[in-house]
Amino acid sequence: MKWKWIGIIVLVPTLLFVFLAGCTAREGIRVSDIWVRAANLTSPGMSDQAEAMDQGHGNLKIGSTNSAGYLVIHNVGDQDDQLLSVECDAARVVELHKSTLHGDVMQMQPVDAIKIPARETIELKTGGYHIMLIDLNRSLVGDEKLPMTLVFEHAGRIDVEAGIRMP
């Protein structure tokens with residue numbers, strides 16, 4: 001009976017932490033708040049779903065062939081890591097990018113990798129590091145989830161599902 005309670009005391013907090021974290025984890029890397037910008041490839045006559053998403057927003061890019069992805073990467077381990085690439089079947093090309101302000105002009109440039117120092121958090125967000133989905137092969141609308149694979153130097157491949165949101 002004593003061992004049963006010890007098991008419960010250890011197991012319950014562990015499961016609760018995993019459930020509440022709401023993130024994907026592997027080898028010191030935890031990923032959370034994963035999403036991509038909605039994009040509708042059809043220009044004339046939006047789909048009913050896309051139109052419903054866009055009501056009152058006016059910011060769903062019609063005919064857009066690109067999108068961007070954002071997420072938060074937590075390196076809870078003792079070893080530096082880096083995000084080397086992202087794979088996603090919804091786009092012909094997927095690149096890691098960084099936006100920087102040069103004078104009054106915001107410029108985007110591809111980067112080879114994004115460093116994730118040990119025990120630090122890096123946020124891929126608008127105006128900074130992000131994932132570019134270039135030459136989409138389908139619209140990104142609705143409540144669907146977009147499967148992606150993040151490739152890290154040390155943590156390896158981590159499969160995630162990105163929600164699709166209005167910007």
# chains A, B, ... in the order shown; residues from 1 in each chain; ligands from 1
>>> closest_atom_pairs(of="segment 68-94 of chain A", to="segment 150-161 of chain A", cutoff="8 Å", atoms="only C-alpha atoms", output="CSV")
residue,atom,partner,partner_atom,distance
A:Asp81,CA,A:His154,CA,5.9
A:Gln82,CA,A:Phe152,CA,5.5
A:Leu83,CA,A:Phe152,CA,4.5
A:Leu84,CA,A:Phe152,CA,5.4
A:Ser85,CA,A:Val151,CA,5.2
A:Val86,CA,A:Leu150,CA,4.6
A:Glu87,CA,A:Leu150,CA,6.6
>>> atom_distance(atom1="atom CA of Lys145 of chain A", atom2="atom CA of Ile164 of chain A")
6.6 Å
>>> select_by_dssp(residues="segment 51-131 of chain A", states="alpha helix (DSSP H)", output="count of residues only")
4
>>> residues_around(residues="segment 139-143 of chain A", least_positions_apart="6", cutoff="6 Å", atoms="only C-alpha atoms", output="list in words")
Ala38, Ala39, Asn40, Leu41 and Ala50 of chain A
>>> residues_around(residues="Val76 of chain A", least_positions_apart="5", cutoff="8 Å", atoms="only C-alpha atoms", output="number ranges by chain")
A: 28-30, 118-120
>>> residues_around(residues="Glu123 of chain A", least_positions_apart="3", cutoff="8 Å", atoms="only C-alpha atoms", output="CSV table (one decimal) with N, CA and C atoms, in the first residue's frame")
chain,number,residue,atom,x,y,z
A,70,TYR,N,5.2,30.7,-36.7
A,70,TYR,CA,5.7,31.2,-35.5
A,70,TYR,C,5.6,30.2,-34.4
A,71,LEU,N,6.5,30.3,-33.4
A,71,LEU,CA,6.5,29.4,-32.3
A,71,LEU,C,7.4,29.8,-31.2
A,72,VAL,N,7.4,29.2,-30.1
A,72,VAL,CA,8.3,29.4,-29.0
A,72,VAL,C,9.1,28.2,-28.7
A,73,ILE,N,10.4,28.3,-28.6
A,73,ILE,CA,11.3,27.2,-28.4
A,73,ILE,C,12.0,27.4,-27.0
A,129,TYR,N,12.9,36.4,-35.9
A,129,TYR,CA,13.0,35.0,-36.6
A,129,TYR,C,11.6,34.5,-36.8
>>> residues_around(residues="Gly163 of chain A", least_positions_apart="5", cutoff="8 Å", atoms="only C-alpha atoms", output="MDAnalysis selection string")
chainID A and resid 34:36 143:146
